[in-house]
>>> print(open('data05.csv').read())   # CSV, C-alpha atoms
chain,number,residue,atom,x,y,z
R,1,MET,CA,-33.3,-35.0,117.3
R,2,ASN,CA,-31.0,-32.8,119.2
R,3,ASN,CA,-28.2,-35.2,120.3
R,4,ARG,CA,-25.1,-33.7,121.9
R,5,LYS,CA,-22.0,-35.8,122.6
R,6,ILE,CA,-21.1,-35.9,126.3
R,7,GLY,CA,-18.6,-38.7,126.4
R,8,LYS,CA,-17.2,-42.0,125.3
R,9,ILE,CA,-16.9,-45.4,126.8
R,10,THR,CA,-14.5,-48.3,126.2
R,11,ASP,CA,-15.2,-51.1,123.8
R,12,ALA,CA,-15.7,-53.5,126.7
R,13,GLU,CA,-18.3,-51.2,128.3
R,14,ARG,CA,-20.0,-50.9,124.9
R,15,ASN,CA,-20.0,-54.7,124.4
R,16,TYR,CA,-21.6,-55.2,127.8
R,17,ILE,CA,-24.4,-52.7,127.4
R,18,MET,CA,-25.0,-53.8,123.8
R,19,ALA,CA,-25.6,-57.4,125.0
R,20,THR,CA,-27.8,-56.2,127.8
R,21,ASN,CA,-29.8,-53.9,125.5
R,22,ASN,CA,-30.2,-56.8,123.0
R,23,ARG,CA,-31.4,-59.1,125.8
R,24,LYS,CA,-33.9,-56.4,127.0
R,25,ILE,CA,-35.3,-55.9,123.5
R,26,SER,CA,-35.6,-59.7,122.9
R,27,LEU,CA,-37.4,-60.2,126.2
R,28,GLU,CA,-39.8,-57.3,125.5
R,29,GLU,CA,-40.6,-58.9,122.2
R,30,LEU,CA,-41.0,-62.3,123.7
R,31,ILE,CA,-43.3,-61.2,126.5
R,32,LEU,CA,-45.7,-59.8,123.8
R,33,THR,CA,-46.0,-63.2,122.3
R,34,VAL,CA,-46.6,-65.1,125.6
R,35,TYR,CA,-50.0,-64.6,127.0
R,36,GLU,CA,-50.3,-64.6,130.8
R,37,LYS,CA,-53.6,-66.5,130.9
R,38,LEU,CA,-52.4,-69.2,128.5
R,39,GLN,CA,-48.9,-69.7,129.8
R,40,PRO,CA,-48.7,-68.2,133.3
R,41,ASN,CA,-45.5,-70.0,134.4
R,42,LEU,CA,-43.6,-69.0,131.2
R,43,TYR,CA,-45.0,-65.5,131.3
R,44,LYS,CA,-43.9,-65.1,134.9
R,45,LYS,CA,-40.4,-66.4,134.2
R,46,ILE,CA,-40.0,-64.0,131.2
R,47,ASN,CA,-41.4,-61.1,133.1
R,48,ASN,CA,-39.0,-61.7,136.0
R,49,ASP,CA,-36.0,-62.0,133.6
R,50,LEU,CA,-37.1,-58.8,131.9
R,51,SER,CA,-37.4,-56.9,135.2
R,52,ASN,CA,-33.9,-58.0,136.2
R,53,THR,CA,-32.5,-57.1,132.9
R,54,ILE,CA,-34.1,-53.6,133.0
R,55,ILE,CA,-32.5,-53.1,136.5
R,56,GLU,CA,-29.2,-54.3,135.2
R,57,TYR,CA,-29.5,-51.9,132.2
R,58,ASP,CA,-30.5,-48.9,134.4
R,59,ASN,CA,-27.7,-49.7,136.9
R,60,TRP,CA,-25.1,-49.7,134.1
R,61,TRP,CA,-26.2,-46.2,133.0
R,62,GLN,CA,-26.0,-45.0,136.6
R,63,GLU,CA,-22.5,-46.5,137.1
R,64,MET,CA,-21.2,-45.0,133.9
R,65,GLN,CA,-22.7,-41.6,134.8
R,66,LYS,CA,-20.8,-41.7,138.1
R,67,LYS,CA,-17.6,-43.0,136.5
R,68,TYR,CA,-17.5,-40.5,133.7
R,69,GLN,CA,-19.4,-37.7,135.5
R,70,TRP,CA,-21.9,-37.1,132.7
R,71,LYS,CA,-24.5,-34.4,132.9
R,72,GLU,CA,-27.7,-35.5,134.6
R,73,LYS,CA,-30.5,-36.4,132.2
R,74,ASP,CA,-33.3,-34.4,133.8
R,75,ASN,CA,-34.4,-32.9,130.5
R,76,GLY,CA,-33.6,-35.8,128.2
R,77,TYR,CA,-32.1,-39.2,128.0
R,78,TRP,CA,-28.7,-40.7,127.2
R,79,ILE,CA,-28.1,-42.7,124.1
R,80,ILE,CA,-25.1,-44.6,122.8
R,81,ASP,CA,-23.7,-45.0,119.3
R,82,PHE,CA,-22.6,-48.6,119.4
R,83,SER,CA,-20.3,-48.1,116.4
R,84,THR,CA,-18.3,-45.3,117.9
R,85,CYS,CA,-18.8,-45.8,121.7
R,86,ASP,CA,-20.0,-42.2,121.8
R,87,ILE,CA,-22.5,-41.3,124.5
R,88,MET,CA,-24.9,-38.5,123.7
R,89,ILE,CA,-27.7,-36.8,125.5
R,90,ASN,CA,-31.0,-36.0,123.7
R,91,GLU,CA,-32.5,-33.0,125.3
R,92,GLU,CA,-35.5,-32.6,123.1
R,93,CYS,CA,-37.7,-35.2,124.8
R,94,ASN,CA,-41.4,-35.1,125.3
R,95,LYS,CA,-41.6,-38.6,126.9
R,96,CYS,CA,-38.2,-39.3,128.6
R,97,ASN,CA,-37.2,-42.7,129.9
>>> encode(input="data05.csv", output="structure tokens")
Amino acid sequence: MNNRKIGKITDAERNYIMATNNRKISLEELILTVYEKLQPNLYKKINNDLSNTIIEYDNWWQEMQKKYQWKEKDNGYWIIDFSTCDIMINEECNKCN
């Protein structure tokens, strides 16, 4: 991986996105275990929650990009080191988010 540091965020910003990221991952795992045909109401509720969480996650990155004026991610994607609050961009990306 070719990660290049482009910035740093506050502990509060890190805590917010870490919680949102954990929720997104949990919902992605949960939706894999709930079959739409067997539990359609639960599946729909989880899917809606996941969609809203993904929007919240993406909006956070956009807000931080504007706030800190990070380089656009046309050829890569941003990543965060939760232990240091460092933001990096990975520019060696074949399948970017």
>>> closest_residue(input="data05.csv", among="R:Leu27, R:Leu38, R:Ile79, R:Met88", to="Ile54 in chain R", atoms="all atoms listed in the file")
R:Leu27
>>> closest_residue(input="data05.csv", among="R:Ser83, R:Asn48, R:Asn41, R:Ser26", to="Lys8 in chain R", atoms="only C-alpha atoms")
R:Ser83
>>> closest_residue(input="data05.csv", among="R:Lys5, R:Lys67, R:Arg23, R:Lys37", to="Glu91 in chain R", atoms="all atoms listed in the file")
R:Lys5
>>> atom_distance(input="data05.csv", atom1="CA of Tyr16 in chain R", atom2="CA of Ile89 in chain R")
19.5 Å
>>> atom_distance(input="data05.csv", atom1="CA of Thr20 in chain R", atom2="CA of Gln69 in chain R")
21.7 Å
>>> atom_distance(input="data05.csv", atom1="CA of Asp49 in chain R", atom2="CA of Asn22 in chain R")
13.2 Å
>>> residues_around(input="data05.csv", residues="Met18 in chain R", least_positions_apart="5", cutoff="10 Å", atoms="all atoms listed in the file", output="ChimeraX atom specification")
/R:12-13,23-24,57,80-82
>>> closest_residue(input="data05.csv", among="R:Leu30, R:Ile25, R:Ile9, R:Ile46", to="Trp61 in chain R", atoms="all atoms listed in the file")
R:Ile9
>>> closest_residue(input="data05.csv", among="R:Asn3, R:Leu42, R:Leu50, R:Ile17", to="Glu92 in chain R", atoms="all atoms listed in the file")
R:Asn3
>>> residues_around(input="data05.csv", residues="Asp11 in chain R", least_positions_apart="3", cutoff="7 Å", atoms="only C-alpha atoms", output="NGL selection string")
:R and (14-15 or 85)
>>> write_last_selection(input="data05.csv", atoms="C-alpha atoms", output="compact mmCIF listing (two decimals), keeping the file's coordinate frame")
# COMPACT_ATOMS: atom_id res chain seq x y z
CA ARG R 14 -20.00 -50.90 124.90
CA ASN R 15 -20.00 -54.70 124.40
CA CYS R 85 -18.80 -45.80 121.70
>>> closest_residue(input="data05.csv", among="R:Gly7, R:Glu56, R:Asn47, R:Asn2", to="Ile87 in chain R", atoms="only C-alpha atoms")
R:Gly7
>>> decode(input="data05.csv", residues="range 7-97 of chain R", atoms="C-alpha atoms", output="CSV table (one decimal), in the first residue's frame")
chain,number,residue,atom,x,y,z
R,7,GLY,CA,-3.7,15.5,7.7
R,8,LYS,CA,-4.9,14.9,11.2
R,9,ILE,CA,-8.2,15.2,13.0
R,10,THR,CA,-9.2,15.8,16.6
R,11,ASP,CA,-9.9,13.1,19.1
R,12,ALA,CA,-13.6,14.0,19.1
R,13,GLU,CA,-13.7,13.7,15.3
R,14,ARG,CA,-11.9,10.4,15.4
R,15,ASN,CA,-14.3,9.1,18.1
R,16,TYR,CA,-17.3,10.1,16.0
R,17,ILE,CA,-16.2,8.4,12.8
R,18,MET,CA,-14.9,5.4,14.6
R,19,ALA,CA,-18.4,4.8,16.1
R,20,THR,CA,-20.0,5.4,12.7
R,21,ASN,CA,-17.5,3.0,11.0
R,22,ASN,CA,-18.1,0.3,13.7
R,23,ARG,CA,-21.9,0.7,13.2
R,24,LYS,CA,-21.5,0.4,9.4
R,25,ILE,CA,-19.4,-2.7,9.7
R,26,SER,CA,-21.8,-4.3,12.2
R,27,LEU,CA,-24.8,-3.6,10.0
R,28,GLU,CA,-23.0,-5.0,6.9
R,29,GLU,CA,-22.4,-8.2,8.8
R,30,LEU,CA,-25.9,-8.3,10.2
R,31,ILE,CA,-27.6,-7.9,6.8
R,32,LEU,CA,-25.6,-10.9,5.6
R,33,THR,CA,-27.3,-13.0,8.3
R,34,VAL,CA,-30.9,-11.8,7.7
R,35,TYR,CA,-32.4,-13.2,4.6
R,36,GLU,CA,-34.9,-10.9,2.8
R,37,LYS,CA,-37.3,-13.7,2.0
R,38,LEU,CA,-37.4,-15.2,5.5
R,39,GLN,CA,-37.5,-11.9,7.5
R,40,PRO,CA,-38.5,-9.1,5.1
R,41,ASN,CA,-39.4,-6.5,7.8
R,42,LEU,CA,-36.2,-7.0,9.7
R,43,TYR,CA,-34.2,-7.0,6.5
R,44,LYS,CA,-35.8,-3.8,5.4
R,45,LYS,CA,-35.2,-2.1,8.7
R,46,ILE,CA,-31.5,-3.1,8.7
R,47,ASN,CA,-31.1,-2.1,5.1
R,48,ASN,CA,-32.5,1.3,5.8
R,49,ASP,CA,-30.3,1.8,8.8
R,50,LEU,CA,-27.3,0.7,6.8
R,51,SER,CA,-28.1,3.1,4.0
R,52,ASN,CA,-28.5,6.0,6.5
R,53,THR,CA,-25.2,5.1,8.2
R,54,ILE,CA,-23.4,4.9,4.9
R,55,ILE,CA,-24.7,8.4,4.0
R,56,GLU,CA,-23.6,9.7,7.5
R,57,TYR,CA,-20.2,8.1,7.0
R,58,ASP,CA,-19.7,9.6,3.5
R,59,ASN,CA,-21.0,13.0,4.6
R,60,TRP,CA,-18.4,13.0,7.5
R,61,TRP,CA,-15.6,12.5,5.0
R,62,GLN,CA,-16.9,15.3,2.8
R,63,GLU,CA,-17.2,17.6,5.7
R,64,MET,CA,-13.7,16.9,6.9
R,65,GLN,CA,-12.3,17.3,3.4
R,66,LYS,CA,-13.8,20.8,3.2
R,67,LYS,CA,-12.8,21.7,6.8
R,68,TYR,CA,-9.2,20.6,6.4
R,69,GLN,CA,-8.9,21.1,2.6
R,70,TRP,CA,-7.5,17.6,1.9
R,71,LYS,CA,-6.5,16.6,-1.5
R,72,GLU,CA,-9.4,15.2,-3.5
R,73,LYS,CA,-9.4,11.4,-3.7
R,74,ASP,CA,-9.8,10.9,-7.5
R,75,ASN,CA,-7.1,8.3,-7.7
R,76,GLY,CA,-7.4,6.7,-4.3
R,77,TYR,CA,-9.3,6.8,-1.0
R,78,TRP,CA,-8.8,8.3,2.4
R,79,ILE,CA,-8.1,6.2,5.4
R,80,ILE,CA,-7.7,7.0,9.1
R,81,ASP,CA,-5.3,5.6,11.7
R,82,PHE,CA,-7.6,5.5,14.7
R,83,SER,CA,-4.7,5.3,17.1
R,84,THR,CA,-3.0,8.5,15.9
R,85,CYS,CA,-5.9,10.4,14.3
R,86,ASP,CA,-3.8,10.7,11.1
R,87,ILE,CA,-5.6,10.8,7.8
R,88,MET,CA,-3.8,9.3,4.8
R,89,ILE,CA,-4.6,8.8,1.2
R,90,ASN,CA,-4.0,5.6,-0.6
R,91,GLU,CA,-3.3,6.3,-4.2
R,92,GLU,CA,-2.6,2.8,-5.4
R,93,CYS,CA,-6.2,1.8,-5.8
R,94,ASN,CA,-7.6,-0.6,-8.4
R,95,LYS,CA,-11.1,-0.5,-7.0
R,96,CYS,CA,-11.6,2.7,-5.1
R,97,ASN,CA,-14.6,3.5,-2.8
